[in-house]
>>> print(open('run34.tsv').read())   # TSV, N, CA and C atoms
chain	number	residue	atom	x	y	z
A	1	ASP	N	-130.34	-173.75	30.83
A	1	ASP	CA	-130.76	-172.74	31.79
A	1	ASP	C	-129.90	-171.50	31.66
A	2	VAL	N	-130.52	-170.36	31.87
A	2	VAL	CA	-129.84	-169.08	31.80
A	2	VAL	C	-130.08	-168.33	33.10
A	3	ILE	N	-129.02	-167.81	33.68
A	3	ILE	CA	-129.13	-166.96	34.86
A	3	ILE	C	-129.14	-165.52	34.38
A	4	ARG	N	-130.04	-164.72	34.94
A	4	ARG	CA	-130.12	-163.31	34.56
A	4	ARG	C	-129.65	-162.45	35.74
A	5	VAL	N	-128.69	-161.57	35.46
A	5	VAL	CA	-128.17	-160.67	36.49
A	5	VAL	C	-128.06	-159.27	35.90
A	6	SER	N	-128.06	-158.28	36.77
A	6	SER	CA	-127.95	-156.90	36.32
A	6	SER	C	-126.85	-156.20	37.11
A	7	VAL	N	-126.14	-155.31	36.43
A	7	VAL	CA	-125.12	-154.52	37.10
A	7	VAL	C	-125.82	-153.53	38.02
A	8	ASP	N	-125.46	-153.54	39.28
A	8	ASP	CA	-126.02	-152.61	40.26
A	8	ASP	C	-125.60	-151.19	39.88
A	9	PRO	N	-126.54	-150.24	39.80
A	9	PRO	CA	-126.17	-148.87	39.43
A	9	PRO	C	-125.11	-148.26	40.35
A	10	HIS	N	-124.99	-148.75	41.59
A	10	HIS	CA	-124.00	-148.23	42.53
A	10	HIS	C	-122.57	-148.63	42.16
A	11	VAL	N	-122.41	-149.66	41.33
A	11	VAL	CA	-121.06	-150.08	40.93
A	11	VAL	C	-120.79	-149.80	39.45
A	12	LEU	N	-121.76	-149.19	38.79
A	12	LEU	CA	-121.62	-148.85	37.38
A	12	LEU	C	-120.81	-147.56	37.26
A	13	VAL	N	-119.78	-147.58	36.42
A	13	VAL	CA	-118.92	-146.41	36.24
A	13	VAL	C	-118.89	-146.04	34.76
A	14	ASN	N	-119.30	-144.83	34.45
A	14	ASN	CA	-119.12	-144.27	33.13
A	14	ASN	C	-117.90	-143.37	33.23
A	15	GLY	N	-116.90	-143.64	32.39
A	15	GLY	CA	-115.69	-142.85	32.44
A	15	GLY	C	-115.92	-141.43	31.96
A	16	ILE	N	-114.92	-140.57	32.17
A	16	ILE	CA	-114.98	-139.20	31.66
A	16	ILE	C	-115.22	-139.25	30.16
A	17	ASP	N	-114.56	-140.18	29.51
A	17	ASP	CA	-114.83	-140.48	28.10
A	17	ASP	C	-115.94	-141.53	28.11
A	18	HIS	N	-117.15	-141.18	27.67
A	18	HIS	CA	-118.32	-142.05	27.81
A	18	HIS	C	-118.27	-143.31	26.96
A	19	ARG	N	-117.21	-143.48	26.19
A	19	ARG	CA	-117.05	-144.73	25.44
A	19	ARG	C	-116.62	-145.87	26.36
A	20	PHE	N	-116.21	-145.56	27.58
A	20	PHE	CA	-115.74	-146.56	28.54
A	20	PHE	C	-116.77	-146.71	29.66
A	21	ILE	N	-117.21	-147.95	29.86
A	21	ILE	CA	-118.20	-148.29	30.88
A	21	ILE	C	-117.65	-149.48	31.66
A	22	SER	N	-117.77	-149.46	32.98
A	22	SER	CA	-117.34	-150.63	33.75
A	22	SER	C	-118.30	-150.88	34.90
A	23	GLY	N	-118.25	-152.10	35.40
A	23	GLY	CA	-119.08	-152.52	36.51
A	23	GLY	C	-118.83	-153.99	36.77
A	24	TYR	N	-119.65	-154.58	37.60
A	24	TYR	CA	-119.53	-156.02	37.84
A	24	TYR	C	-120.88	-156.59	38.23
A	25	VAL	N	-120.96	-157.91	38.10
A	25	VAL	CA	-122.13	-158.66	38.56
A	25	VAL	C	-121.65	-159.78	39.46
A	26	LEU	N	-122.54	-160.23	40.33
A	26	LEU	CA	-122.23	-161.36	41.21
A	26	LEU	C	-123.05	-162.56	40.78
A	27	LEU	N	-122.38	-163.70	40.66
A	27	LEU	CA	-123.06	-164.95	40.32
A	27	LEU	C	-123.31	-165.74	41.58
A	28	PRO	N	-124.36	-166.56	41.60
A	28	PRO	CA	-124.67	-167.35	42.79
A	28	PRO	C	-123.52	-168.27	43.19
A	29	GLY	N	-123.57	-168.72	44.42
A	29	GLY	CA	-122.48	-169.52	44.97
A	29	GLY	C	-122.53	-171.00	44.68
A	30	ILE	N	-123.62	-171.55	44.24
A	30	ILE	CA	-123.66	-172.99	43.98
A	30	ILE	C	-124.13	-173.21	42.55
A	31	ILE	N	-123.20	-173.65	41.71
A	31	ILE	CA	-123.50	-173.96	40.31
A	31	ILE	C	-123.19	-175.44	40.12
A	32	PRO	N	-124.20	-176.27	39.84
A	32	PRO	CA	-123.98	-177.72	39.81
A	32	PRO	C	-123.28	-178.24	38.55
A	33	GLU	N	-123.28	-177.45	37.46
A	33	GLU	CA	-122.69	-177.94	36.21
A	33	GLU	C	-121.48	-177.12	35.83
A	34	ASN	N	-120.71	-177.64	34.88
A	34	ASN	CA	-119.46	-177.03	34.45
A	34	ASN	C	-119.65	-175.78	33.61
A	35	ASN	N	-120.76	-175.64	32.91
A	35	ASN	CA	-121.03	-174.50	32.04
A	35	ASN	C	-122.23	-173.73	32.56
A	36	LEU	N	-122.13	-172.41	32.47
A	36	LEU	CA	-123.22	-171.55	32.92
A	36	LEU	C	-123.41	-170.45	31.88
A	37	THR	N	-124.64	-170.23	31.45
A	37	THR	CA	-124.96	-169.13	30.55
A	37	THR	C	-125.59	-168.02	31.39
A	38	VAL	N	-125.10	-166.79	31.19
A	38	VAL	CA	-125.53	-165.65	32.00
A	38	VAL	C	-125.93	-164.51	31.08
A	39	ASP	N	-127.10	-163.93	31.32
A	39	ASP	CA	-127.53	-162.71	30.63
A	39	ASP	C	-127.30	-161.54	31.57
A	40	ILE	N	-126.53	-160.55	31.10
A	40	ILE	CA	-126.17	-159.39	31.91
A	40	ILE	C	-126.85	-158.14	31.32
A	41	THR	N	-127.54	-157.40	32.17
A	41	THR	CA	-128.13	-156.12	31.79
A	41	THR	C	-127.62	-155.05	32.76
A	42	GLY	N	-128.07	-153.83	32.56
A	42	GLY	CA	-127.74	-152.76	33.48
A	42	GLY	C	-126.61	-151.86	33.02
A	43	LEU	N	-126.08	-152.10	31.82
A	43	LEU	CA	-124.99	-151.27	31.30
A	43	LEU	C	-125.48	-150.21	30.33
A	44	GLY	N	-126.77	-150.14	30.07
A	44	GLY	CA	-127.31	-149.19	29.11
A	44	GLY	C	-127.18	-149.70	27.70
A	45	LYS	N	-127.25	-148.80	26.74
A	45	LYS	CA	-127.18	-149.16	25.31
A	45	LYS	C	-125.73	-149.38	24.91
A	46	ILE	N	-125.47	-150.54	24.30
A	46	ILE	CA	-124.13	-150.90	23.84
A	46	ILE	C	-124.26	-151.39	22.40
A	47	SER	N	-123.36	-150.95	21.54
A	47	SER	CA	-123.43	-151.35	20.13
A	47	SER	C	-122.86	-152.76	19.94
A	48	ASP	N	-123.17	-153.35	18.80
A	48	ASP	CA	-122.67	-154.70	18.52
A	48	ASP	C	-121.19	-154.71	18.14
A	49	ILE	N	-120.56	-153.54	17.98
A	49	ILE	CA	-119.12	-153.52	17.69
A	49	ILE	C	-118.28	-153.17	18.92
A	50	ALA	N	-118.93	-153.03	20.06
A	50	ALA	CA	-118.20	-152.71	21.29
A	50	ALA	C	-117.27	-153.86	21.67
A	51	ALA	N	-116.14	-153.50	22.25
A	51	ALA	CA	-115.23	-154.50	22.82
A	51	ALA	C	-115.65	-154.72	24.27
A	52	ILE	N	-115.84	-155.98	24.65
A	52	ILE	CA	-116.31	-156.32	25.99
A	52	ILE	C	-115.26	-157.22	26.63
A	53	TYR	N	-114.73	-156.76	27.75
A	53	TYR	CA	-113.69	-157.51	28.47
A	53	TYR	C	-114.28	-157.99	29.79
A	54	LEU	N	-114.02	-159.27	30.09
A	54	LEU	CA	-114.57	-159.89	31.29
A	54	LEU	C	-113.44	-160.50	32.12
A	55	GLN	N	-113.62	-160.48	33.44
A	55	GLN	CA	-112.65	-161.13	34.32
A	55	GLN	C	-113.41	-161.75	35.49
A	56	ALA	N	-113.09	-163.00	35.79
A	56	ALA	CA	-113.69	-163.68	36.94
A	56	ALA	C	-112.77	-163.54	38.14
A	57	GLN	N	-113.37	-163.30	39.29
A	57	GLN	CA	-112.58	-163.28	40.51
A	57	GLN	C	-113.45	-163.79	41.65
A	58	GLN	N	-112.78	-164.16	42.75
A	58	GLN	CA	-113.52	-164.59	43.92
A	58	GLN	C	-114.32	-163.41	44.45
A	59	PHE	N	-115.46	-163.71	45.02
A	59	PHE	CA	-116.34	-162.66	45.54
A	59	PHE	C	-115.61	-161.85	46.61
A	60	GLN	N	-114.93	-162.54	47.51
A	60	GLN	CA	-114.18	-161.85	48.55
A	60	GLN	C	-112.79	-161.50	48.03
A	61	ASN	N	-112.31	-160.35	48.36
A	61	ASN	CA	-111.00	-159.90	47.90
A	61	ASN	C	-109.92	-160.49	48.80
A	62	ALA	N	-109.78	-161.83	48.74
A	62	ALA	CA	-108.81	-162.54	49.56
A	62	ALA	C	-108.51	-163.87	48.90
A	63	ASP	N	-107.34	-164.41	49.19
A	63	ASP	CA	-107.00	-165.74	48.69
A	63	ASP	C	-107.59	-166.77	49.65
A	64	LEU	N	-108.66	-167.39	49.21
A	64	LEU	CA	-109.36	-168.36	50.05
A	64	LEU	C	-108.87	-169.79	49.83
A	65	GLY	N	-107.84	-169.94	49.00
A	65	GLY	CA	-107.27	-171.26	48.77
A	65	GLY	C	-107.98	-172.06	47.69
A	66	TYR	N	-108.92	-171.44	46.98
A	66	TYR	CA	-109.59	-172.14	45.88
A	66	TYR	C	-108.66	-172.16	44.68
A	67	HIS	N	-108.60	-173.30	44.02
A	67	HIS	CA	-107.76	-173.43	42.83
A	67	HIS	C	-108.60	-173.47	41.56
A	68	ASP	N	-109.87	-173.10	41.66
A	68	ASP	CA	-110.76	-173.09	40.50
A	68	ASP	C	-110.22	-172.15	39.42
A	69	GLN	N	-110.38	-172.56	38.17
A	69	GLN	CA	-110.00	-171.74	37.03
A	69	GLN	C	-111.20	-171.64	36.11
A	70	PHE	N	-111.43	-170.42	35.56
A	70	PHE	CA	-112.62	-170.19	34.76
A	70	PHE	C	-112.26	-169.52	33.44
A	71	ALA	N	-113.04	-169.83	32.42
A	71	ALA	CA	-112.98	-169.13	31.14
A	71	ALA	C	-114.31	-168.41	30.95
A	72	LEU	N	-114.23	-167.21	30.37
A	72	LEU	CA	-115.42	-166.40	30.12
A	72	LEU	C	-115.47	-166.07	28.64
A	73	GLN	N	-116.66	-166.15	28.06
A	73	GLN	CA	-116.82	-165.90	26.63
A	73	GLN	C	-118.07	-165.07	26.41
A	74	VAL	N	-117.95	-164.00	25.61
A	74	VAL	CA	-119.13	-163.25	25.19
A	74	VAL	C	-119.77	-164.03	24.05
A	75	VAL	N	-121.04	-164.37	24.21
A	75	VAL	CA	-121.77	-165.14	23.20
A	75	VAL	C	-122.53	-164.21	22.26
A	76	SER	N	-123.21	-163.20	22.82
A	76	SER	CA	-123.99	-162.29	21.98
A	76	SER	C	-124.23	-160.98	22.69
A	77	VAL	N	-124.57	-159.97	21.88
A	77	VAL	CA	-124.97	-158.66	22.38
A	77	VAL	C	-126.32	-158.35	21.75
A	78	ASP	N	-127.38	-158.38	22.56
A	78	ASP	CA	-128.74	-158.15	22.09
A	78	ASP	C	-129.11	-156.70	22.41
A	79	GLN	N	-129.33	-155.91	21.40
A	79	GLN	CA	-129.52	-154.47	21.56
A	79	GLN	C	-130.98	-154.08	21.75
A	80	GLN	N	-131.56	-154.54	22.82
A	80	GLN	CA	-132.92	-154.13	23.15
A	80	GLN	C	-132.87	-152.69	23.66
A	81	VAL	N	-133.94	-151.94	23.41
A	81	VAL	CA	-134.00	-150.56	23.87
A	81	VAL	C	-134.80	-150.54	25.17
A	82	PRO	N	-134.38	-149.85	26.23
A	82	PRO	CA	-133.19	-149.03	26.33
A	82	PRO	C	-131.98	-149.80	26.85
A	83	GLN	N	-132.14	-151.06	27.18
A	83	GLN	CA	-131.05	-151.84	27.75
A	83	GLN	C	-130.50	-152.84	26.74
A	84	THR	N	-129.24	-153.10	26.84
A	84	THR	CA	-128.61	-154.14	26.04
A	84	THR	C	-128.41	-155.35	26.95
A	85	THR	N	-128.60	-156.55	26.40
A	85	THR	CA	-128.32	-157.77	27.14
A	85	THR	C	-127.06	-158.41	26.56
A	86	ILE	N	-126.08	-158.61	27.43
A	86	ILE	CA	-124.85	-159.30	27.03
A	86	ILE	C	-124.95	-160.73	27.54
A	87	ARG	N	-124.93	-161.68	26.63
A	87	ARG	CA	-124.97	-163.09	27.02
A	87	ARG	C	-123.53	-163.61	27.06
A	88	ILE	N	-123.16	-164.19	28.21
A	88	ILE	CA	-121.82	-164.75	28.36
A	88	ILE	C	-121.91	-166.21	28.77
A	89	ARG	N	-120.83	-166.92	28.58
A	89	ARG	CA	-120.72	-168.29	29.04
A	89	ARG	C	-119.54	-168.37	30.01
A	90	VAL	N	-119.78	-169.01	31.15
A	90	VAL	CA	-118.76	-169.22	32.17
A	90	VAL	C	-118.49	-170.71	32.22
A	91	ARG	N	-117.21	-171.10	32.15
A	91	ARG	CA	-116.87	-172.52	32.18
A	91	ARG	C	-115.72	-172.74	33.15
A	92	ARG	N	-115.87	-173.74	33.98
A	92	ARG	CA	-114.79	-174.13	34.88
A	92	ARG	C	-113.81	-174.99	34.11
A	93	LEU	N	-112.52	-174.65	34.19
A	93	LEU	CA	-111.50	-175.32	33.39
A	93	LEU	C	-110.73	-176.41	34.14
A	94	ASP	N	-110.55	-176.26	35.43
A	94	ASP	CA	-109.68	-177.18	36.16
A	94	ASP	C	-110.34	-178.51	36.49
A	95	GLN	N	-111.67	-178.56	36.46
A	95	GLN	CA	-112.41	-179.80	36.71
A	95	GLN	C	-113.67	-179.80	35.85
A	96	ASP	N	-114.16	-180.99	35.55
A	96	ASP	CA	-115.41	-181.11	34.82
A	96	ASP	C	-116.54	-181.24	35.84
A	97	SER	N	-116.73	-180.15	36.59
A	97	SER	CA	-117.76	-180.14	37.64
A	97	SER	C	-118.21	-178.71	37.85
A	98	GLY	N	-119.19	-178.54	38.68
A	98	GLY	CA	-119.66	-177.20	39.02
A	98	GLY	C	-118.74	-176.56	40.04
A	99	TRP	N	-119.25	-175.54	40.73
A	99	TRP	CA	-118.45	-174.88	41.75
A	99	TRP	C	-119.36	-174.36	42.85
A	100	ALA	N	-118.77	-174.10	44.01
A	100	ALA	CA	-119.54	-173.68	45.17
A	100	ALA	C	-119.27	-172.24	45.58
A	101	GLN	N	-118.22	-171.63	45.05
A	101	GLN	CA	-117.92	-170.26	45.44
A	101	GLN	C	-118.73	-169.25	44.63
A	102	GLN	N	-119.02	-168.12	45.24
A	102	GLN	CA	-119.68	-167.04	44.52
A	102	GLN	C	-118.63	-166.32	43.69
A	103	LEU	N	-118.97	-166.03	42.43
A	103	LEU	CA	-118.04	-165.35	41.54
A	103	LEU	C	-118.46	-163.92	41.27
A	104	ARG	N	-117.47	-163.07	41.15
A	104	ARG	CA	-117.68	-161.69	40.70
A	104	ARG	C	-117.14	-161.61	39.28
A	105	ILE	N	-117.97	-161.17	38.35
A	105	ILE	CA	-117.55	-160.99	36.96
A	105	ILE	C	-117.40	-159.49	36.72
A	106	SER	N	-116.16	-159.05	36.57
A	106	SER	CA	-115.89	-157.64	36.27
A	106	SER	C	-116.03	-157.43	34.77
A	107	ILE	N	-116.58	-156.28	34.40
A	107	ILE	CA	-116.89	-155.99	32.99
A	107	ILE	C	-116.32	-154.63	32.62
A	108	LEU	N	-115.65	-154.58	31.49
A	108	LEU	CA	-115.21	-153.31	30.90
A	108	LEU	C	-115.70	-153.30	29.46
A	109	VAL	N	-116.44	-152.25	29.10
A	109	VAL	CA	-116.96	-152.09	27.75
A	109	VAL	C	-116.30	-150.87	27.13
A	110	VAL	N	-115.79	-151.05	25.92
A	110	VAL	CA	-115.27	-149.93	25.14
A	110	VAL	C	-116.13	-149.87	23.87
A	111	ASP	N	-116.95	-148.82	23.79
A	111	ASP	CA	-117.92	-148.72	22.70
A	111	ASP	C	-117.61	-147.45	21.88
A	112	PRO	N	-117.01	-147.62	20.71
A	112	PRO	CA	-116.62	-146.46	19.90
A	112	PRO	C	-117.81	-145.66	19.35
A	113	THR	N	-119.02	-146.21	19.43
A	113	THR	CA	-120.18	-145.49	18.88
A	113	THR	C	-120.79	-144.50	19.89
A	114	ARG	N	-120.41	-144.61	21.15
A	114	ARG	CA	-120.94	-143.67	22.16
A	114	ARG	C	-120.19	-142.35	22.07
A	115	PRO	N	-120.88	-141.24	22.28
A	115	PRO	CA	-120.19	-139.94	22.23
A	115	PRO	C	-119.17	-139.82	23.35
A	116	SER	N	-118.01	-139.26	23.04
A	116	SER	CA	-116.94	-139.15	24.06
A	116	SER	C	-117.11	-137.92	24.94
>>> encode(input="run34.tsv", output="structure tokens")
Amino acid sequence: DVIRVSVDPHVLVNGIDHRFISGYVLLPGIIPENNLTVDITGLGKISDIAAIYLQAQQFQNADLGYHDQFALQVVSVDQQVPQTTIRIRVRRLDQDSGWAQQLRISILVVDPTRPS
């Protein structure tokens, strides 16, 4: 199964130097399995040589006492026009189970092919 999410245009930031793009997506709060594949759109056109940095954090900006640990991996960059789809994998590391908290995945893209 693949979850499809899009970066909300209200949280999308194109830097003064247009090679830098950032934003975030929210993942649902109940994931029954340890691995989740996510397709992310909404960042515009991104080249296959772009560096993509991901960070998982709790949806709420507070320490809620969860000890969950996650790994994030970029699996592919599909360059459909006009949008690019970034496929990522999210895996819980501290237990071989799913999770109940909603996750925010922060994204930073550095694309040297975009005009500065």
>>> closest_residue(input="run34.tsv", among="A:Val110, A:Leu103, A:Leu93, A:Ile86", to="A:Val38", atoms="only C-alpha atoms")
A:Ile86
>>> residues_around(input="run34.tsv", residues="A:Asp94", least_positions_apart="2", cutoff="6 Å", atoms="only N, CA and C atoms", output="number ranges by chain")
A: 68-70, 92, 96
>>> atom_distance(input="run34.tsv", atom1="atom CA of A:Ile31", atom2="atom CA of A:Gln83")
26.5 Å
>>> residues_around(input="run34.tsv", residues="A:Pro115", least_positions_apart="5", cutoff="7 Å", atoms="only N, CA and C atoms", output="short mmCIF file (atom, residue, chain, number, x, y, z; two decimals) with N, CA and C atoms, keeping the file's coordinate frame")
data_model
loop_
_atom_site.label_atom_id
_atom_site.label_comp_id
_atom_site.auth_asym_id
_atom_site.auth_seq_id
_atom_site.Cartn_x
_atom_site.Cartn_y
_atom_site.Cartn_z
N ASP A 17 -114.56 -140.18 29.51
CA ASP A 17 -114.83 -140.48 28.10
C ASP A 17 -115.94 -141.53 28.11
N HIS A 18 -117.15 -141.18 27.67
CA HIS A 18 -118.32 -142.05 27.81
C HIS A 18 -118.27 -143.31 26.96
N ARG A 19 -117.21 -143.48 26.19
CA ARG A 19 -117.05 -144.73 25.44
C ARG A 19 -116.62 -145.87 26.36
#
>>> closest_residue(input="run34.tsv", among="A:Asp8, A:Asp111, A:Asp1, A:Asp63", to="A:Ile46", atoms="all atoms listed in the file")
A:Asp111
>>> axis_aligned_box(input="run34.tsv", around="stretch 22-29 of chain A", padding_each_side="4 Å", output="JSON")
{"center_x": -121.0, "center_y": -160.2, "center_z": 39.0, "size_x": 15.3, "size_y": 29.5, "size_z": 20.0}
>>> atom_distance(input="run34.tsv", atom1="atom C of A:Arg91", atom2="atom N of A:Gly42")
22.6 Å
>>> residues_around(input="run34.tsv", residues="A:Leu108", least_positions_apart="3", cutoff="5 Å", atoms="only N, CA and C atoms", output="ChimeraX atom specification")
/A:21-22,52-53
>>> closest_residue(input="run34.tsv", among="A:Ser6, A:Gln55, A:Gln101, A:Gln73", to="A:Arg87", atoms="all atoms listed in the file")
A:Gln73
>>> closest_residue(input="run34.tsv", among="A:Leu36, A:Val2, A:Tyr66, A:Ser47", to="A:Thr113", atoms="only N, CA and C atoms")
A:Ser47
>>> closest_residue(input="run34.tsv", among="A:Ala50, A:Ile3, A:Pro32, A:Ala62", to="A:Pro112", atoms="only N, CA and C atoms")
A:Ala50
>>> decode(input="run34.tsv", residues="stretch 80-90 of chain A", atoms="all heavy atoms", output="PDB file, in the first residue's frame")
ATOM      1  N   GLN A  80       7.398  13.449 -13.309  1.00  0.00           N
ATOM      2  CA  GLN A  80       6.210  13.714 -14.119  1.00  0.00           C
ATOM      3  C   GLN A  80       6.078  15.223 -14.293  1.00  0.00           C
ATOM      4  O   GLN A  80       6.451  16.000 -13.434  1.00  0.00           O
ATOM      5  CB  GLN A  80       4.971  13.170 -13.426  1.00  0.00           C
ATOM      6  CG  GLN A  80       5.026  11.685 -13.166  1.00  0.00           C
ATOM      7  CD  GLN A  80       3.875  11.236 -12.291  1.00  0.00           C
ATOM      8  OE1 GLN A  80       2.928  11.975 -12.061  1.00  0.00           O
ATOM      9  NE2 GLN A  80       3.966  10.031 -11.786  1.00  0.00           N
ATOM     10  N   VAL A  81       5.536  15.644 -15.424  1.00  0.00           N
ATOM     11  CA  VAL A  81       5.340  17.070 -15.672  1.00  0.00           C
ATOM     12  C   VAL A  81       3.894  17.410 -15.329  1.00  0.00           C
ATOM     13  O   VAL A  81       2.990  16.682 -15.734  1.00  0.00           O
ATOM     14  CB  VAL A  81       5.641  17.384 -17.156  1.00  0.00           C
ATOM     15  CG1 VAL A  81       5.356  18.832 -17.472  1.00  0.00           C
ATOM     16  CG2 VAL A  81       7.084  17.024 -17.481  1.00  0.00           C
ATOM     17  N   PRO A  82       3.593  18.483 -14.615  1.00  0.00           N
ATOM     18  CA  PRO A  82       4.504  19.486 -14.083  1.00  0.00           C
ATOM     19  C   PRO A  82       4.977  19.165 -12.670  1.00  0.00           C
ATOM     20  O   PRO A  82       5.769  19.901 -12.108  1.00  0.00           O
ATOM     21  CB  PRO A  82       3.640  20.746 -14.070  1.00  0.00           C
ATOM     22  CG  PRO A  82       2.265  20.233 -13.737  1.00  0.00           C
ATOM     23  CD  PRO A  82       2.185  18.875 -14.419  1.00  0.00           C
ATOM     24  N   GLN A  83       4.487  18.091 -12.083  1.00  0.00           N
ATOM     25  CA  GLN A  83       4.846  17.758 -10.706  1.00  0.00           C
ATOM     26  C   GLN A  83       5.799  16.578 -10.655  1.00  0.00           C
ATOM     27  O   GLN A  83       5.731  15.680 -11.482  1.00  0.00           O
ATOM     28  CB  GLN A  83       3.599  17.396  -9.886  1.00  0.00           C
ATOM     29  CG  GLN A  83       2.702  18.558  -9.590  1.00  0.00           C
ATOM     30  CD  GLN A  83       3.327  19.544  -8.629  1.00  0.00           C
ATOM     31  OE1 GLN A  83       3.997  19.183  -7.672  1.00  0.00           O
ATOM     32  NE2 GLN A  83       3.115  20.817  -8.884  1.00  0.00           N
ATOM     33  N   THR A  84       6.638  16.586  -9.674  1.00  0.00           N
ATOM     34  CA  THR A  84       7.515  15.456  -9.407  1.00  0.00           C
ATOM     35  C   THR A  84       6.928  14.699  -8.218  1.00  0.00           C
ATOM     36  O   THR A  84       6.399  15.300  -7.291  1.00  0.00           O
ATOM     37  CB  THR A  84       8.937  15.953  -9.057  1.00  0.00           C
ATOM     38  OG1 THR A  84       9.466  16.645 -10.190  1.00  0.00           O
ATOM     39  CG2 THR A  84       9.860  14.816  -8.693  1.00  0.00           C
ATOM     40  N   THR A  85       7.011  13.371  -8.256  1.00  0.00           N
ATOM     41  CA  THR A  85       6.591  12.551  -7.125  1.00  0.00           C
ATOM     42  C   THR A  85       7.835  11.973  -6.462  1.00  0.00           C
ATOM     43  O   THR A  85       8.633  11.312  -7.120  1.00  0.00           O
ATOM     44  CB  THR A  85       5.663  11.407  -7.574  1.00  0.00           C
ATOM     45  OG1 THR A  85       4.503  11.972  -8.178  1.00  0.00           O
ATOM     46  CG2 THR A  85       5.256  10.535  -6.397  1.00  0.00           C
ATOM     47  N   ILE A  86       7.972  12.256  -5.175  1.00  0.00           N
ATOM     48  CA  ILE A  86       9.073  11.695  -4.390  1.00  0.00           C
ATOM     49  C   ILE A  86       8.501  10.544  -3.581  1.00  0.00           C
ATOM     50  O   ILE A  86       7.584  10.739  -2.780  1.00  0.00           O
ATOM     51  CB  ILE A  86       9.685  12.744  -3.448  1.00  0.00           C
ATOM     52  CG1 ILE A  86      10.206  13.935  -4.253  1.00  0.00           C
ATOM     53  CG2 ILE A  86      10.797  12.124  -2.597  1.00  0.00           C
ATOM     54  CD1 ILE A  86      10.624  15.113  -3.399  1.00  0.00           C
ATOM     55  N   ARG A  87       9.000   9.347  -3.814  1.00  0.00           N
ATOM     56  CA  ARG A  87       8.557   8.181  -3.052  1.00  0.00           C
ATOM     57  C   ARG A  87       9.539   7.968  -1.903  1.00  0.00           C
ATOM     58  O   ARG A  87      10.751   7.897  -2.117  1.00  0.00           O
ATOM     59  CB  ARG A  87       8.488   6.936  -3.919  1.00  0.00           C
ATOM     60  CG  ARG A  87       8.094   5.690  -3.117  1.00  0.00           C
ATOM     61  CD  ARG A  87       7.654   4.578  -3.989  1.00  0.00           C
ATOM     62  NE  ARG A  87       6.265   4.865  -4.407  1.00  0.00           N
ATOM     63  CZ  ARG A  87       5.520   4.032  -5.118  1.00  0.00           C
ATOM     64  NH1 ARG A  87       6.003   2.879  -5.513  1.00  0.00           N
ATOM     65  NH2 ARG A  87       4.290   4.360  -5.458  1.00  0.00           N
ATOM     66  N   ILE A  88       8.994   7.894  -0.683  1.00  0.00           N
ATOM     67  CA  ILE A  88       9.831   7.663   0.491  1.00  0.00           C
ATOM     68  C   ILE A  88       9.326   6.450   1.253  1.00  0.00           C
ATOM     69  O   ILE A  88       8.191   6.015   1.073  1.00  0.00           O
ATOM     70  CB  ILE A  88       9.881   8.890   1.428  1.00  0.00           C
ATOM     71  CG1 ILE A  88       8.530   9.114   2.125  1.00  0.00           C
ATOM     72  CG2 ILE A  88      10.343  10.126   0.680  1.00  0.00           C
ATOM     73  CD1 ILE A  88       8.586  10.122   3.254  1.00  0.00           C
ATOM     74  N   ARG A  89      10.173   5.916   2.089  1.00  0.00           N
ATOM     75  CA  ARG A  89       9.792   4.836   2.985  1.00  0.00           C
ATOM     76  C   ARG A  89      10.021   5.305   4.416  1.00  0.00           C
ATOM     77  O   ARG A  89      11.064   5.888   4.721  1.00  0.00           O
ATOM     78  CB  ARG A  89      10.609   3.586   2.685  1.00  0.00           C
ATOM     79  CG  ARG A  89      10.014   2.344   3.308  1.00  0.00           C
ATOM     80  CD  ARG A  89      10.320   1.060   2.546  1.00  0.00           C
ATOM     81  NE  ARG A  89       9.714   1.050   1.216  1.00  0.00           N
ATOM     82  CZ  ARG A  89      10.412   0.849   0.099  1.00  0.00           C
ATOM     83  NH1 ARG A  89      11.692   0.638   0.135  1.00  0.00           N
ATOM     84  NH2 ARG A  89       9.806   0.833  -1.071  1.00  0.00           N
ATOM     85  N   VAL A  90       9.020   5.077   5.261  1.00  0.00           N
ATOM     86  CA  VAL A  90       9.088   5.412   6.679  1.00  0.00           C
ATOM     87  C   VAL A  90       9.081   4.105   7.445  1.00  0.00           C
ATOM     88  O   VAL A  90       8.226   3.241   7.203  1.00  0.00           O
ATOM     89  CB  VAL A  90       7.880   6.277   7.119  1.00  0.00           C
ATOM     90  CG1 VAL A  90       7.976   6.642   8.580  1.00  0.00           C
ATOM     91  CG2 VAL A  90       7.743   7.512   6.243  1.00  0.00           C
TER      92      VAL A  90
END
